[in-house]
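Notes follow the structure.
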Amino acid sequence: MNLQRGSCQVIRSQKSSFSWVAELLWSLSLLRINFRYKETLFGYGWFFLQPVALTVIFTYLFNRFALITTGDVPYTLFAAIGLVSWSLTALVVNHSTYCITGLHDMVKRAAFPKILLPLSAVIATGVDLVAMAGLLDILFVYYQVSLSWAVSWIFILGVIHLTLLIGLSCLASLANVFFLRDIGQAIPLLLQLWFFSSPVFYSSSLLPEGFRSLIRWNPMTGLIEGYRSVLLLGHPPPLDFIIPAGLVSLGVFVVGLICFWRVKEIISDFL
C-alpha cells in the first residue's frame, strides 16, 4: 500500500515537473514573439510583409532578368517554396544567436533548464511559418495547384527540418555565449554563403554534376528540393538528396545537444 502511494506521488511529481517545463517553454516562446514585433511600427504585420516582399523580389528579379526556367511550374511558386524553407532556417539561426545573451539576467538568477531558450527560439519562429504557409496557400489557390498523395511526405520532411533547426539553435546560441565578439560578424556572412549555395531561387538540376554531388550534403538542398517535389510535382522527395539531408540534420542535432549538455552548468559564468 505504501509502495503504491509512493509510486503515485512520484508520478504526480513527474507530471507537475513536465507541466512546469512546458508552461515555461511556452511563456518564453510568447515572450520572444512579443519582443520581436510588439514595439515595431507594423507590429505583427511583419509576419506577412516580409515573405510577400521577398517573393515579389525573387519573381521579378531572378525570373525576369536571370531567365531561370522551371518548366511547367510557375516560378513564383517555385521561388516561394524555396524562400519559405530557407527563411525559416535563417530566422531560427538569427533569433537563436541572442536567445541566451539577451536574457542574461534571467539565466544568471533563475534555475531552469537552459535548453528551453534555444527551443523557444524554434517554437517562436513557428509563427512566421504560419504566415508564410498562408502566403503559399494563396499562391496555390491562385495557380490552381492540386496536391497529390505525395503530400504525406511533408511529415518526414518536417521532422528532418525540425531536427536541423533544433541543432542549429543550440549551436548558434552557445556560439554567441562563448565567442561573443566574433559570432555577430560570422553568422550573417555564413548565412549569406549558405543562402547562395542552397537552391532557393534556382533548381539544383541546373548545376554541373560534380557540384551537385557536393551540394547534396547541404541539408537545405534536400529539404528545398523535397518540398518542391512533394508540393509542386506530386512526387516523393529525391532520395539522393533527402538521405544526405537527413544524415547531416541528425548529426547537427546530436552535436548541438551534446555541446549544450556539456556546458549547461557554466553558461552563466560567461555572461
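Residue numbering restarts at 1 in every chain; chains get A, B, ... in the order shown in the C-alpha cells, and ligands count up from 1 in that same order.
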Residues of region 152-188 of chain A at most 6 Å from region 97-110 of chain A: nearest atom pair and distance in Å, only C-alpha atoms, as JSON lines:
```
{"residue": "A:Ala172", "atom": "CA", "partner": "A:Thr97", "partner_atom": "CA", "distance": 5.0}
{"residue": "A:Ser173", "atom": "CA", "partner": "A:Thr97", "partner_atom": "CA", "distance": 4.5}
{"residue": "A:Asn176", "atom": "CA", "partner": "A:Thr97", "partner_atom": "CA", "distance": 5.8}
```
Writing out the chosen residues with N, CA and C atoms as an mmCIF file, in the first residue's frame:
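What landed in selection_4.cif:
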```cif
data_model
loop_
_atom_site.group_PDB
_atom_site.id
_atom_site.type_symbol
_atom_site.label_atom_id
_atom_site.label_comp_id
_atom_site.auth_asym_id
_atom_site.auth_seq_id
_atom_site.Cartn_x
_atom_site.Cartn_y
_atom_site.Cartn_z
ATOM 1 N N ALA A 172 24.055 27.853 -32.368
ATOM 2 C CA ALA A 172 24.127 29.308 -32.546
ATOM 3 C C ALA A 172 24.053 30.029 -31.209
ATOM 4 N N SER A 173 23.187 29.559 -30.306
ATOM 5 C CA SER A 173 23.056 30.213 -29.004
ATOM 6 C C SER A 173 24.324 30.057 -28.180
ATOM 7 N N ASN A 176 27.288 32.295 -29.478
ATOM 8 C CA ASN A 176 27.224 33.698 -29.084
ATOM 9 C C ASN A 176 27.599 33.901 -27.622
#
```
Taking only region 130-223 of chain A into account, list the residues labelled helix (DSSP H, G or I) by DSSP (computed from the backbone), as a PyMOL selection string.
chain A and resi 130-142+149-178+180-196+204-206+209-215+219-223
Who sits within 9 Å of region 181-196 of chain A, only C-alpha atoms, same chain under 4 positions skipped, as a PDB file with N, CA and C atoms, in the first residue's frame:
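Once everything was written out, this is selection27.pdb:
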```
ATOM      1  N   TRP A  86      14.032  28.303 -46.713  1.00  0.00           N
ATOM      2  CA  TRP A  86      15.269  28.961 -46.293  1.00  0.00           C
ATOM      3  C   TRP A  86      15.012  29.976 -45.180  1.00  0.00           C
ATOM      4  N   ALA A  90      16.919  30.456 -41.604  1.00  0.00           N
ATOM      5  CA  ALA A  90      17.687  31.672 -41.307  1.00  0.00           C
ATOM      6  C   ALA A  90      17.126  32.396 -40.092  1.00  0.00           C
ATOM      7  N   VAL A  93      18.246  30.621 -36.878  1.00  0.00           N
ATOM      8  CA  VAL A  93      19.649  30.898 -36.568  1.00  0.00           C
ATOM      9  C   VAL A  93      19.807  32.312 -36.020  1.00  0.00           C
ATOM     10  N   ASN A  94      19.186  33.289 -36.676  1.00  0.00           N
ATOM     11  CA  ASN A  94      19.300  34.679 -36.226  1.00  0.00           C
ATOM     12  C   ASN A  94      18.711  34.892 -34.835  1.00  0.00           C
ATOM     13  N   THR A  97      20.724  33.192 -31.939  1.00  0.00           N
ATOM     14  CA  THR A  97      22.029  33.761 -31.617  1.00  0.00           C
ATOM     15  C   THR A  97      22.002  34.522 -30.294  1.00  0.00           C
ATOM     16  N   ALA A 172      24.055  27.853 -32.368  1.00  0.00           N
ATOM     17  CA  ALA A 172      24.127  29.308 -32.546  1.00  0.00           C
ATOM     18  C   ALA A 172      24.053  30.029 -31.209  1.00  0.00           C
ATOM     19  N   ALA A 175      27.367  29.522 -29.418  1.00  0.00           N
ATOM     20  CA  ALA A 175      28.452  30.251 -30.074  1.00  0.00           C
ATOM     21  C   ALA A 175      28.460  31.708 -29.653  1.00  0.00           C
ATOM     22  N   ASN A 176      27.288  32.295 -29.478  1.00  0.00           N
ATOM     23  CA  ASN A 176      27.224  33.698 -29.084  1.00  0.00           C
ATOM     24  C   ASN A 176      27.599  33.901 -27.622  1.00  0.00           C
ATOM     25  N   VAL A 177      27.519  32.857 -26.835  1.00  0.00           N
ATOM     26  CA  VAL A 177      27.927  32.945 -25.431  1.00  0.00           C
ATOM     27  C   VAL A 177      29.451  32.889 -25.302  1.00  0.00           C
ATOM     28  N   VAL A 200      17.586  28.033 -53.483  1.00  0.00           N
ATOM     29  CA  VAL A 200      16.407  28.804 -53.091  1.00  0.00           C
ATOM     30  C   VAL A 200      15.717  29.384 -54.316  1.00  0.00           C
ATOM     31  N   PHE A 201      16.458  30.028 -55.202  1.00  0.00           N
ATOM     32  CA  PHE A 201      15.873  30.676 -56.364  1.00  0.00           C
ATOM     33  C   PHE A 201      16.244  29.985 -57.678  1.00  0.00           C
ATOM     34  N   ASN A 218      24.510  19.582 -48.447  1.00  0.00           N
ATOM     35  CA  ASN A 218      23.907  20.752 -47.825  1.00  0.00           C
ATOM     36  C   ASN A 218      22.474  20.363 -47.464  1.00  0.00           C
ATOM     37  N   MET A 220      19.871  21.916 -46.673  1.00  0.00           N
ATOM     38  CA  MET A 220      18.817  22.733 -47.245  1.00  0.00           C
ATOM     39  C   MET A 220      18.538  22.347 -48.693  1.00  0.00           C
TER      40      MET A 220
END
```
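The two atoms in question, CA of Gly158 (chain A) and CA of Leu239 (chain A), are spaced 15.4 Å apart.
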Excluding same-chain residues fewer than 4 positions from Tyr227 (chain A), what lies within 8 Å of it counting only C-alpha atoms, as a list in words?
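Answer for this query is Ile81, Ile154, Leu157, Leu223, Leu231, Leu232 and Pro237 of chain A.
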Spatial neighbours of region 251-266 of chain A, max dist 8 Å, only C-alpha atoms, sep filter under 6 positions, as a PyMOL selection string:
chain A and resi 114-115+163-171+174
